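> This is the content of query_28.pdb (PDB, C-alpha atoms, pLDDT in the B column):
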```
ATOM      1  CA  MET A   1     -56.131 -35.241  66.538  1.00 42.00           C
ATOM      2  CA  SER A   2     -58.356 -37.254  68.843  1.00 41.00           C
ATOM      3  CA  ARG A   3     -61.437 -39.056  67.626  1.00 42.00           C
ATOM      4  CA  SER A   4     -63.248 -42.204  68.672  1.00 41.00           C
ATOM      5  CA  PHE A   5     -65.677 -44.891  67.568  1.00 41.00           C
ATOM      6  CA  GLU A   6     -68.015 -46.066  70.305  1.00 50.00           C
ATOM      7  CA  THR A   7     -68.347 -49.435  68.573  1.00 70.00           C
ATOM      8  CA  SER A   8     -64.829 -49.566  67.158  1.00 91.00           C
ATOM      9  CA  SER A   9     -63.732 -53.178  66.666  1.00 97.00           C
ATOM     10  CA  LEU A  10     -61.932 -55.558  64.346  1.00 98.00           C
ATOM     11  CA  GLN A  11     -63.474 -59.028  64.265  1.00 97.00           C
ATOM     12  CA  ILE A  12     -61.871 -62.084  62.678  1.00 98.00           C
ATOM     13  CA  GLU A  13     -64.572 -64.710  62.292  1.00 97.00           C
ATOM     14  CA  ASN A  14     -63.890 -68.404  61.625  1.00 97.00           C
ATOM     15  CA  LEU A  15     -60.679 -67.691  59.732  1.00 97.00           C
ATOM     16  CA  THR A  16     -58.638 -70.541  58.323  1.00 96.00           C
ATOM     17  CA  ILE A  17     -55.687 -69.747  56.060  1.00 95.00           C
ATOM     18  CA  LEU A  18     -54.427 -72.611  53.931  1.00 94.00           C
ATOM     19  CA  ARG A  19     -51.173 -72.985  52.058  1.00 91.00           C
ATOM     20  CA  GLU A  20     -51.456 -75.513  49.266  1.00 86.00           C
ATOM     21  CA  LYS A  21     -54.528 -77.022  50.966  1.00 85.00           C
ATOM     22  CA  THR A  22     -52.708 -77.410  54.296  1.00 89.00           C
ATOM     23  CA  ALA A  23     -54.097 -75.368  57.209  1.00 90.00           C
ATOM     24  CA  LEU A  24     -51.570 -72.712  58.260  1.00 91.00           C
ATOM     25  CA  LEU A  25     -53.572 -70.990  60.999  1.00 92.00           C
ATOM     26  CA  SER A  26     -57.087 -70.663  62.391  1.00 93.00           C
ATOM     27  CA  LEU A  27     -58.396 -67.656  64.312  1.00 95.00           C
ATOM     28  CA  ASN A  28     -61.537 -66.340  65.962  1.00 96.00           C
ATOM     29  CA  GLU A  29     -60.812 -63.002  67.608  1.00 97.00           C
ATOM     30  CA  THR A  30     -62.433 -59.656  68.355  1.00 97.00           C
ATOM     31  CA  ILE A  31     -60.176 -56.677  69.051  1.00 98.00           C
ATOM     32  CA  LYS A  32     -61.887 -53.628  70.552  1.00 97.00           C
ATOM     33  CA  GLY A  33     -60.865 -50.035  69.978  1.00 97.00           C
ATOM     34  CA  GLY A  34     -57.719 -49.170  71.930  1.00 96.00           C
ATOM     35  CA  GLU A  35     -56.691 -52.816  72.344  1.00 97.00           C
ATOM     36  CA  VAL A  36     -53.618 -54.486  70.832  1.00 98.00           C
ATOM     37  CA  LEU A  37     -53.679 -58.178  69.926  1.00 98.00           C
ATOM     38  CA  THR A  38     -50.113 -59.514  69.692  1.00 98.00           C
ATOM     39  CA  ILE A  39     -49.266 -62.329  67.289  1.00 97.00           C
ATOM     40  CA  MET A  40     -45.986 -64.148  67.918  1.00 95.00           C
ATOM     41  CA  GLY A  41     -44.356 -67.165  66.317  1.00 90.00           C
ATOM     42  CA  PRO A  42     -41.370 -68.282  64.269  1.00 87.00           C
ATOM     43  CA  SER A  43     -40.902 -67.593  60.551  1.00 84.00           C
ATOM     44  CA  GLY A  44     -43.299 -69.816  58.670  1.00 83.00           C
ATOM     45  CA  SER A  45     -46.112 -69.649  61.213  1.00 88.00           C
ATOM     46  CA  GLY A  46     -48.277 -67.305  59.130  1.00 91.00           C
ATOM     47  CA  LYS A  47     -47.927 -63.959  60.916  1.00 93.00           C
ATOM     48  CA  SER A  48     -47.320 -61.878  57.788  1.00 91.00           C
ATOM     49  CA  THR A  49     -49.837 -63.948  55.841  1.00 94.00           C
ATOM     50  CA  LEU A  50     -52.489 -62.994  58.406  1.00 96.00           C
ATOM     51  CA  LEU A  51     -51.716 -59.287  57.927  1.00 96.00           C
ATOM     52  CA  ASN A  52     -51.832 -59.757  54.142  1.00 96.00           C
ATOM     53  CA  TRP A  53     -55.267 -61.323  54.426  1.00 97.00           C
ATOM     54  CA  LEU A  54     -56.533 -58.506  56.661  1.00 98.00           C
ATOM     55  CA  THR A  55     -55.410 -55.910  54.112  1.00 96.00           C
ATOM     56  CA  GLY A  56     -56.866 -57.844  51.178  1.00 96.00           C
ATOM     57  CA  MET A  57     -53.497 -58.802  49.710  1.00 95.00           C
ATOM     58  CA  LEU A  58     -53.245 -62.549  50.293  1.00 94.00           C
ATOM     59  CA  PRO A  59     -50.356 -63.871  48.145  1.00 92.00           C
ATOM     60  CA  LYS A  60     -50.712 -66.543  45.480  1.00 91.00           C
ATOM     61  CA  GLY A  61     -50.558 -70.064  46.841  1.00 91.00           C
ATOM     62  CA  PHE A  62     -52.665 -69.210  49.888  1.00 94.00           C
ATOM     63  CA  GLN A  63     -56.420 -69.602  50.344  1.00 95.00           C
ATOM     64  CA  ALA A  64     -58.572 -68.224  53.130  1.00 96.00           C
ATOM     65  CA  GLU A  65     -61.948 -69.136  54.573  1.00 96.00           C
ATOM     66  CA  GLY A  66     -63.693 -66.813  57.024  1.00 97.00           C
ATOM     67  CA  ASN A  67     -64.674 -63.176  57.381  1.00 98.00           C
ATOM     68  CA  VAL A  68     -63.309 -59.931  58.749  1.00 98.00           C
ATOM     69  CA  TYR A  69     -65.557 -57.207  60.156  1.00 98.00           C
ATOM     70  CA  LEU A  70     -64.426 -53.651  60.816  1.00 97.00           C
ATOM     71  CA  ASN A  71     -66.779 -51.669  63.054  1.00 96.00           C
ATOM     72  CA  SER A  72     -69.435 -54.353  62.383  1.00 95.00           C
ATOM     73  CA  VAL A  73     -69.105 -54.022  58.570  1.00 96.00           C
ATOM     74  CA  ASN A  74     -68.002 -57.103  56.622  1.00 97.00           C
ATOM     75  CA  ILE A  75     -64.952 -56.027  54.584  1.00 97.00           C
ATOM     76  CA  THR A  76     -63.818 -59.514  53.508  1.00 97.00           C
ATOM     77  CA  GLN A  77     -64.422 -58.741  49.822  1.00 96.00           C
ATOM     78  CA  THR A  78     -63.639 -55.023  50.019  1.00 97.00           C
ATOM     79  CA  ALA A  79     -60.751 -53.703  47.896  1.00 96.00           C
ATOM     80  CA  SER A  80     -57.530 -53.072  49.836  1.00 95.00           C
ATOM     81  CA  TYR A  81     -57.560 -49.294  49.369  1.00 91.00           C
ATOM     82  CA  GLN A  82     -61.131 -49.064  50.673  1.00 94.00           C
ATOM     83  CA  ARG A  83     -60.573 -51.004  53.895  1.00 95.00           C
ATOM     84  CA  HIS A  84     -59.234 -48.068  55.957  1.00 95.00           C
ATOM     85  CA  ILE A  85     -56.655 -50.264  57.670  1.00 97.00           C
ATOM     86  CA  GLY A  86     -53.365 -48.524  58.485  1.00 96.00           C
ATOM     87  CA  LEU A  87     -50.061 -50.413  58.307  1.00 96.00           C
ATOM     88  CA  LEU A  88     -46.885 -49.583  60.208  1.00 95.00           C
ATOM     89  CA  TYR A  89     -43.759 -51.456  59.092  1.00 93.00           C
ATOM     90  CA  GLN A  90     -40.252 -51.843  60.535  1.00 91.00           C
ATOM     91  CA  ASP A  91     -39.036 -49.372  57.873  1.00 92.00           C
ATOM     92  CA  ALA A  92     -40.549 -45.892  57.867  1.00 93.00           C
ATOM     93  CA  LEU A  93     -40.917 -46.028  54.047  1.00 93.00           C
ATOM     94  CA  LEU A  94     -40.997 -42.240  53.735  1.00 96.00           C
ATOM     95  CA  PHE A  95     -40.677 -40.592  50.315  1.00 96.00           C
ATOM     96  CA  PRO A  96     -37.156 -39.077  50.247  1.00 95.00           C
ATOM     97  CA  HIS A  97     -38.118 -36.346  47.746  1.00 95.00           C
ATOM     98  CA  LEU A  98     -41.028 -35.059  49.870  1.00 96.00           C
ATOM     99  CA  SER A  99     -40.872 -32.954  53.019  1.00 97.00           C
ATOM    100  CA  VAL A 100     -42.071 -34.332  56.366  1.00 97.00           C
ATOM    101  CA  ALA A 101     -45.378 -32.457  56.000  1.00 97.00           C
ATOM    102  CA  ASP A 102     -45.876 -33.661  52.418  1.00 96.00           C
ATOM    103  CA  ASN A 103     -45.158 -37.260  53.455  1.00 97.00           C
ATOM    104  CA  ILE A 104     -47.920 -37.029  56.063  1.00 97.00           C
ATOM    105  CA  ALA A 105     -50.299 -35.149  53.736  1.00 96.00           C
ATOM    106  CA  PHE A 106     -49.845 -37.796  51.042  1.00 93.00           C
ATOM    107  CA  ALA A 107     -52.104 -40.253  52.893  1.00 89.00           C
ATOM    108  CA  MET A 108     -54.599 -37.738  54.288  1.00 92.00           C
ATOM    109  CA  PRO A 109     -58.139 -37.320  52.974  1.00 88.00           C
ATOM    110  CA  LYS A 110     -58.412 -34.470  50.483  1.00 86.00           C
ATOM    111  CA  GLY A 111     -59.477 -31.109  51.866  1.00 85.00           C
ATOM    112  CA  ASP A 112     -58.483 -27.503  52.469  1.00 89.00           C
ATOM    113  CA  LYS A 113     -54.681 -27.273  52.158  1.00 90.00           C
ATOM    114  CA  LYS A 114     -54.262 -24.709  54.938  1.00 93.00           C
ATOM    115  CA  ALA A 115     -56.426 -26.715  57.328  1.00 94.00           C
ATOM    116  CA  ARG A 116     -54.413 -29.852  56.548  1.00 93.00           C
ATOM    117  CA  ALA A 117     -51.136 -27.987  57.074  1.00 95.00           C
ATOM    118  CA  ARG A 118     -52.346 -26.765  60.489  1.00 95.00           C
ATOM    119  CA  LYS A 119     -53.415 -30.290  61.433  1.00 96.00           C
ATOM    120  CA  ILE A 120     -50.008 -31.662  60.431  1.00 97.00           C
ATOM    121  CA  SER A 121     -48.126 -28.981  62.404  1.00 97.00           C
ATOM    122  CA  PHE A 122     -50.230 -29.671  65.481  1.00 96.00           C
ATOM    123  CA  ALA A 123     -49.704 -33.436  65.157  1.00 95.00           C
ATOM    124  CA  LEU A 124     -45.936 -33.012  64.772  1.00 96.00           C
ATOM    125  CA  ALA A 125     -45.814 -30.869  67.907  1.00 95.00           C
ATOM    126  CA  GLU A 126     -47.823 -33.513  69.784  1.00 91.00           C
ATOM    127  CA  VAL A 127     -45.121 -36.135  69.160  1.00 91.00           C
ATOM    128  CA  GLY A 128     -42.134 -33.868  69.840  1.00 92.00           C
ATOM    129  CA  LEU A 129     -41.388 -32.915  66.220  1.00 95.00           C
ATOM    130  CA  ALA A 130     -42.521 -29.280  66.262  1.00 96.00           C
ATOM    131  CA  GLY A 131     -41.112 -27.173  63.434  1.00 95.00           C
ATOM    132  CA  LEU A 132     -39.907 -30.094  61.314  1.00 96.00           C
ATOM    133  CA  ASP A 133     -42.671 -29.696  58.698  1.00 97.00           C
ATOM    134  CA  ASN A 134     -40.323 -28.690  55.876  1.00 97.00           C
ATOM    135  CA  ARG A 135     -37.419 -30.992  56.702  1.00 96.00           C
ATOM    136  CA  HIS A 136     -36.668 -33.980  54.482  1.00 95.00           C
ATOM    137  CA  PRO A 137     -36.702 -37.547  55.855  1.00 95.00           C
ATOM    138  CA  ASP A 138     -32.973 -38.146  55.271  1.00 95.00           C
ATOM    139  CA  SER A 139     -32.179 -35.349  57.725  1.00 96.00           C
ATOM    140  CA  LEU A 140     -34.134 -37.067  60.522  1.00 95.00           C
ATOM    141  CA  SER A 141     -32.990 -39.700  63.013  1.00 92.00           C
ATOM    142  CA  GLY A 142     -34.468 -43.215  62.911  1.00 90.00           C
ATOM    143  CA  GLY A 143     -36.730 -42.419  65.849  1.00 91.00           C
ATOM    144  CA  GLN A 144     -37.981 -39.214  64.213  1.00 94.00           C
ATOM    145  CA  GLN A 145     -38.689 -41.073  60.977  1.00 95.00           C
ATOM    146  CA  ALA A 146     -40.672 -43.678  62.924  1.00 93.00           C
ATOM    147  CA  ARG A 147     -42.814 -40.895  64.428  1.00 93.00           C
ATOM    148  CA  VAL A 148     -43.469 -39.345  61.026  1.00 96.00           C
ATOM    149  CA  ALA A 149     -44.495 -42.774  59.697  1.00 95.00           C
ATOM    150  CA  LEU A 150     -46.887 -43.135  62.644  1.00 95.00           C
ATOM    151  CA  LEU A 151     -48.449 -39.719  61.975  1.00 96.00           C
ATOM    152  CA  ARG A 152     -48.839 -40.552  58.290  1.00 96.00           C
ATOM    153  CA  VAL A 153     -50.862 -43.627  59.296  1.00 96.00           C
ATOM    154  CA  LEU A 154     -52.922 -41.840  61.977  1.00 95.00           C
ATOM    155  CA  LEU A 155     -53.800 -38.789  59.863  1.00 95.00           C
ATOM    156  CA  SER A 156     -54.978 -41.049  57.031  1.00 94.00           C
ATOM    157  CA  GLN A 157     -57.864 -41.707  59.462  1.00 94.00           C
ATOM    158  CA  PRO A 158     -57.667 -45.504  59.610  1.00 96.00           C
ATOM    159  CA  LYS A 159     -60.324 -47.536  61.388  1.00 96.00           C
ATOM    160  CA  ALA A 160     -57.772 -50.147  62.502  1.00 97.00           C
ATOM    161  CA  ILE A 161     -53.988 -50.402  62.552  1.00 97.00           C
ATOM    162  CA  LEU A 162     -51.573 -53.270  61.913  1.00 98.00           C
ATOM    163  CA  LEU A 163     -48.012 -53.252  63.246  1.00 97.00           C
ATOM    164  CA  ASP A 164     -45.632 -55.472  61.269  1.00 95.00           C
ATOM    165  CA  GLU A 165     -42.433 -55.768  63.364  1.00 94.00           C
ATOM    166  CA  ALA A 166     -42.771 -51.986  63.620  1.00 93.00           C
ATOM    167  CA  PHE A 167     -40.128 -51.510  66.356  1.00 92.00           C
ATOM    168  CA  SER A 168     -37.569 -54.142  65.356  1.00 90.00           C
ATOM    169  CA  LYS A 169     -35.012 -51.785  63.810  1.00 88.00           C
ATOM    170  CA  LEU A 170     -34.882 -49.355  66.739  1.00 88.00           C
ATOM    171  CA  ASP A 171     -32.306 -49.605  69.521  1.00 87.00           C
ATOM    172  CA  SER A 172     -33.519 -50.536  72.994  1.00 86.00           C
ATOM    173  CA  GLN A 173     -34.185 -47.055  74.436  1.00 88.00           C
ATOM    174  CA  LEU A 174     -35.710 -45.718  71.220  1.00 89.00           C
ATOM    175  CA  ARG A 175     -37.788 -48.860  70.846  1.00 91.00           C
ATOM    176  CA  GLN A 176     -39.277 -48.338  74.289  1.00 92.00           C
ATOM    177  CA  GLU A 177     -40.107 -44.654  73.657  1.00 92.00           C
ATOM    178  CA  THR A 178     -41.557 -45.210  70.177  1.00 93.00           C
ATOM    179  CA  ARG A 179     -43.565 -48.206  71.307  1.00 94.00           C
ATOM    180  CA  GLN A 180     -45.068 -46.233  74.183  1.00 94.00           C
ATOM    181  CA  LEU A 181     -46.012 -43.413  71.826  1.00 93.00           C
ATOM    182  CA  VAL A 182     -47.632 -45.796  69.329  1.00 95.00           C
ATOM    183  CA  PHE A 183     -49.668 -47.601  71.995  1.00 96.00           C
ATOM    184  CA  GLU A 184     -50.758 -44.274  73.510  1.00 94.00           C
ATOM    185  CA  GLN A 185     -51.992 -43.085  70.105  1.00 93.00           C
ATOM    186  CA  ILE A 186     -53.823 -46.360  69.469  1.00 95.00           C
ATOM    187  CA  LYS A 187     -55.592 -45.906  72.805  1.00 95.00           C
ATOM    188  CA  GLN A 188     -56.295 -42.200  72.250  1.00 93.00           C
ATOM    189  CA  HIS A 189     -57.776 -42.842  68.799  1.00 93.00           C
ATOM    190  CA  GLN A 190     -59.602 -45.963  70.027  1.00 95.00           C
ATOM    191  CA  LEU A 191     -58.197 -48.039  67.173  1.00 97.00           C
ATOM    192  CA  PRO A 192     -58.271 -51.833  67.254  1.00 98.00           C
ATOM    193  CA  ALA A 193     -54.708 -53.000  66.560  1.00 98.00           C
ATOM    194  CA  ILE A 194     -52.876 -56.207  65.697  1.00 98.00           C
ATOM    195  CA  MET A 195     -49.124 -56.390  66.254  1.00 98.00           C
ATOM    196  CA  VAL A 196     -46.809 -58.998  64.757  1.00 96.00           C
ATOM    197  CA  THR A 197     -43.519 -59.246  66.646  1.00 94.00           C
ATOM    198  CA  HIS A 198     -40.653 -61.564  67.571  1.00 91.00           C
ATOM    199  CA  ASP A 199     -39.902 -59.572  70.726  1.00 92.00           C
ATOM    200  CA  GLU A 200     -41.448 -60.581  74.062  1.00 94.00           C
ATOM    201  CA  SER A 201     -40.969 -57.031  75.419  1.00 94.00           C
ATOM    202  CA  ASP A 202     -43.289 -55.693  72.682  1.00 95.00           C
ATOM    203  CA  ALA A 203     -45.986 -58.121  73.795  1.00 96.00           C
ATOM    204  CA  ILE A 204     -45.571 -57.158  77.447  1.00 96.00           C
ATOM    205  CA  ALA A 205     -45.742 -53.431  76.606  1.00 96.00           C
ATOM    206  CA  ALA A 206     -48.888 -53.921  74.502  1.00 96.00           C
ATOM    207  CA  ASN A 207     -50.616 -55.285  77.617  1.00 95.00           C
ATOM    208  CA  GLY A 208     -53.178 -57.272  75.647  1.00 96.00           C
ATOM    209  CA  LYS A 209     -53.900 -60.793  74.502  1.00 97.00           C
ATOM    210  CA  VAL A 210     -50.974 -62.721  72.978  1.00 97.00           C
ATOM    211  CA  ILE A 211     -51.394 -65.525  70.447  1.00 96.00           C
ATOM    212  CA  HIS A 212     -48.450 -67.839  69.771  1.00 94.00           C
ATOM    213  CA  LEU A 213     -48.465 -69.462  66.343  1.00 90.00           C
ATOM    214  CA  SER A 214     -46.447 -72.604  65.655  1.00 82.00           C
ATOM    215  CA  ALA A 215     -44.669 -73.557  62.451  1.00 67.00           C
ATOM    216  CA  THR A 216     -43.844 -76.757  60.626  1.00 54.00           C
ATOM    217  CA  PRO A 217     -40.637 -77.114  58.576  1.00 44.00           C
ATOM    218  CA  GLU A 218     -42.398 -76.989  55.213  1.00 48.00           C
ATOM    219  CA  GLN A 219     -44.204 -73.722  55.945  1.00 43.00           C
ATOM    220  CA  HIS A 220     -42.950 -70.382  54.665  1.00 42.00           C
ATOM    221  CA  ASN A 221     -44.063 -66.967  55.853  1.00 43.00           C
TER     222      ASN A 221
END
```
What does the file become when written as structure tokens?

Amino acid sequence: MSRSFETSSLQIENLTILREKTALLSLNETIKGGEVLTIMGPSGSGKSTLLNWLTGMLPKGFQAEGNVYLNSVNITQTASYQRHIGLLYQDALLFPHLSVADNIAFAMPKGDKKARARKISFALAEVGLAGLDNRHPDSLSGGQQARVALLRVLLSQPKAILLDEAFSKLDSQLRQETRQLVFEQIKQHQLPAIMVTHDESDAIAANGKVIHLSATPEQHN
């Protein structure tokens, strides 16, 4: 499952996001492969808006100036589905009618079915889910679903990964275990990552740079 980019990086250059012509946030950051940049701040500070901009899905009412480079390629005008940026949310968002293996395969590049099935089985075993290929998501615990969601992102072969409050619905012990697994995989795959969180313990565990955004009363995230 391991692969690496020697020059893997996500660069945000001279970014300013405006909401109705009022500056919401400004950023200049470079995240190297295996690093996690943590973004913290109250609702209304622009955390989710930043992730939307990075994935090419900036909502109406917002404007952005600046560029984003992924592995030195400018993807600012690239269509969302061609950006190769993986997203991990607080909900696993698994398809209930598909098996665990089919959920993971759904996002994978096309190829030989048997080879993909072997890759999925190996990946499941790597994260402690050996033999669960044919189970359905509703038969899994919250922690197991979170691991399947992680594998679905990783096996889609992203070049960067965004974590949007990805651990917020897990209880304390499970949060710690899942978080450790996610950060280990980010490091192993040498993926640049940005994490949005309200939880200080997430930021500490990420062991990277932390940016605190501030909000004004009229701002909405």
> Which residue is closest to Gly86 (chain A)? Choose from A:Leu181, A:Ile211, A:Leu163, A:Ala205 and count all atoms listed in the file.
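Smallest separation from Gly86 (chain A) among the options: A:Leu163.
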> Take the PyMOL selection byres ((chain A and resi 85) around 9), apply it to the structure above, and return the hits as a ChimeraX atom specification.
/A:54-55,80-84,86-87,153,157-162
> Selection in question (the file shown): the PyMOL selection byres ((chain A and resi 206) around 12). Which residues does it include, as a PDB file with C-alpha atoms, in the frame of the given file?

```pdb
ATOM      1  CA  GLY A  34     -57.719 -49.170  71.930  1.00 96.00           C
ATOM      2  CA  GLU A  35     -56.691 -52.816  72.344  1.00 97.00           C
ATOM      3  CA  VAL A  36     -53.618 -54.486  70.832  1.00 98.00           C
ATOM      4  CA  LEU A  37     -53.679 -58.178  69.926  1.00 98.00           C
ATOM      5  CA  THR A  38     -50.113 -59.514  69.692  1.00 98.00           C
ATOM      6  CA  ILE A  39     -49.266 -62.329  67.289  1.00 97.00           C
ATOM      7  CA  LEU A 163     -48.012 -53.252  63.246  1.00 97.00           C
ATOM      8  CA  GLN A 176     -39.277 -48.338  74.289  1.00 92.00           C
ATOM      9  CA  ARG A 179     -43.565 -48.206  71.307  1.00 94.00           C
ATOM     10  CA  GLN A 180     -45.068 -46.233  74.183  1.00 94.00           C
ATOM     11  CA  LEU A 181     -46.012 -43.413  71.826  1.00 93.00           C
ATOM     12  CA  VAL A 182     -47.632 -45.796  69.329  1.00 95.00           C
ATOM     13  CA  PHE A 183     -49.668 -47.601  71.995  1.00 96.00           C
ATOM     14  CA  GLU A 184     -50.758 -44.274  73.510  1.00 94.00           C
ATOM     15  CA  ILE A 186     -53.823 -46.360  69.469  1.00 95.00           C
ATOM     16  CA  LYS A 187     -55.592 -45.906  72.805  1.00 95.00           C
ATOM     17  CA  ALA A 193     -54.708 -53.000  66.560  1.00 98.00           C
ATOM     18  CA  ILE A 194     -52.876 -56.207  65.697  1.00 98.00           C
ATOM     19  CA  MET A 195     -49.124 -56.390  66.254  1.00 98.00           C
ATOM     20  CA  VAL A 196     -46.809 -58.998  64.757  1.00 96.00           C
ATOM     21  CA  THR A 197     -43.519 -59.246  66.646  1.00 94.00           C
ATOM     22  CA  ASP A 199     -39.902 -59.572  70.726  1.00 92.00           C
ATOM     23  CA  GLU A 200     -41.448 -60.581  74.062  1.00 94.00           C
ATOM     24  CA  SER A 201     -40.969 -57.031  75.419  1.00 94.00           C
ATOM     25  CA  ASP A 202     -43.289 -55.693  72.682  1.00 95.00           C
ATOM     26  CA  ALA A 203     -45.986 -58.121  73.795  1.00 96.00           C
ATOM     27  CA  ILE A 204     -45.571 -57.158  77.447  1.00 96.00           C
ATOM     28  CA  ALA A 205     -45.742 -53.431  76.606  1.00 96.00           C
ATOM     29  CA  ASN A 207     -50.616 -55.285  77.617  1.00 95.00           C
ATOM     30  CA  GLY A 208     -53.178 -57.272  75.647  1.00 96.00           C
ATOM     31  CA  LYS A 209     -53.900 -60.793  74.502  1.00 97.00           C
ATOM     32  CA  VAL A 210     -50.974 -62.721  72.978  1.00 97.00           C
TER      33      VAL A 210
END
```
> I would like the residues chosen by the PyMOL selection byres ((chain A and resi 89) around 9) on the shown file; could you give them as number ranges by chain?
A: 87-88, 90-93, 149, 162-167
> Please check which residues have atoms at most 6 Å from (-52.7, -34.9, 58.8) in the file's coordinates, counting all atoms listed in the file, and write them as a PDB file with C-alpha atoms, in the frame of the given file.

```pdb
ATOM      1  CA  ILE A 104     -47.920 -37.029  56.063  1.00 97.00           C
ATOM      2  CA  ALA A 105     -50.299 -35.149  53.736  1.00 96.00           C
ATOM      3  CA  MET A 108     -54.599 -37.738  54.288  1.00 92.00           C
ATOM      4  CA  ARG A 116     -54.413 -29.852  56.548  1.00 93.00           C
ATOM      5  CA  LYS A 119     -53.415 -30.290  61.433  1.00 96.00           C
ATOM      6  CA  ILE A 120     -50.008 -31.662  60.431  1.00 97.00           C
ATOM      7  CA  LEU A 155     -53.800 -38.789  59.863  1.00 95.00           C
TER       8      LEU A 155
END
```
> Considering all atoms listed in the file, state which residue in the set A:Ile17, A:Ala64, A:Leu191, A:Leu174 is at the smallest distance from Ile31 (chain A).
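Selected residue with least distance to Ile31 (chain A): A:Leu191.
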> For the atom pair CA of Pro59 (chain A) and CA of Gly46 (chain A), what is the interatomic distance in Å to one decimal place?
11.7 Å
> How big is the axis-aligned box around the listed atoms of region 159-168 of chain A once 8 Å is added on each side, and where is its centre? Give both in Å to one decimal, as AutoDock Vina command-line options.

```
--center_x -48.9 --center_y -51.7 --center_z 63.8 --size_x 38.8 --size_y 24.2 --size_z 21.1
```
> Rounded to one decimal, what separation in Å do you get between CA of Asn52 (chain A) and CA of Ser99 (chain A)?
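Taking CA of Asn52 (chain A) and CA of Ser99 (chain A), their separation equals 29.0 Å.
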> Report, in Å with one decimal, the straight-line distance from CA of Ser8 (chain A) to CA of Arg152 (chain A).
20.4 Å
> Excluding Val68 (chain A) and residues on its chain fewer than 6 positions from it, collect all residues at most 12 Å away from it, counting all atoms listed in the file, and give them as a count of residues only.
27
> Name the closest residue to Gln188 (chain A) among the candidates A:Leu58, A:Leu154, A:Ala146, A:Leu94; distances are taken between atoms, counting only C-alpha atoms.
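So, comparing all the options, the nearest one is A:Leu154.
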> With distances taken over only C-alpha atoms, which of A:Leu124, A:Ala130, A:Ala115, A:Ala107 is nearest to Ser156 (chain A)?
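The closest residue to Ser156 (chain A) is A:Ala107.
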> Give me the residues within 8 Å of region 18-26 of chain A as a ChimeraX atom specification, counting only C-alpha atoms and dropping any in the same chain fewer than 6 places off.
/A:45-46,61-64,213,219
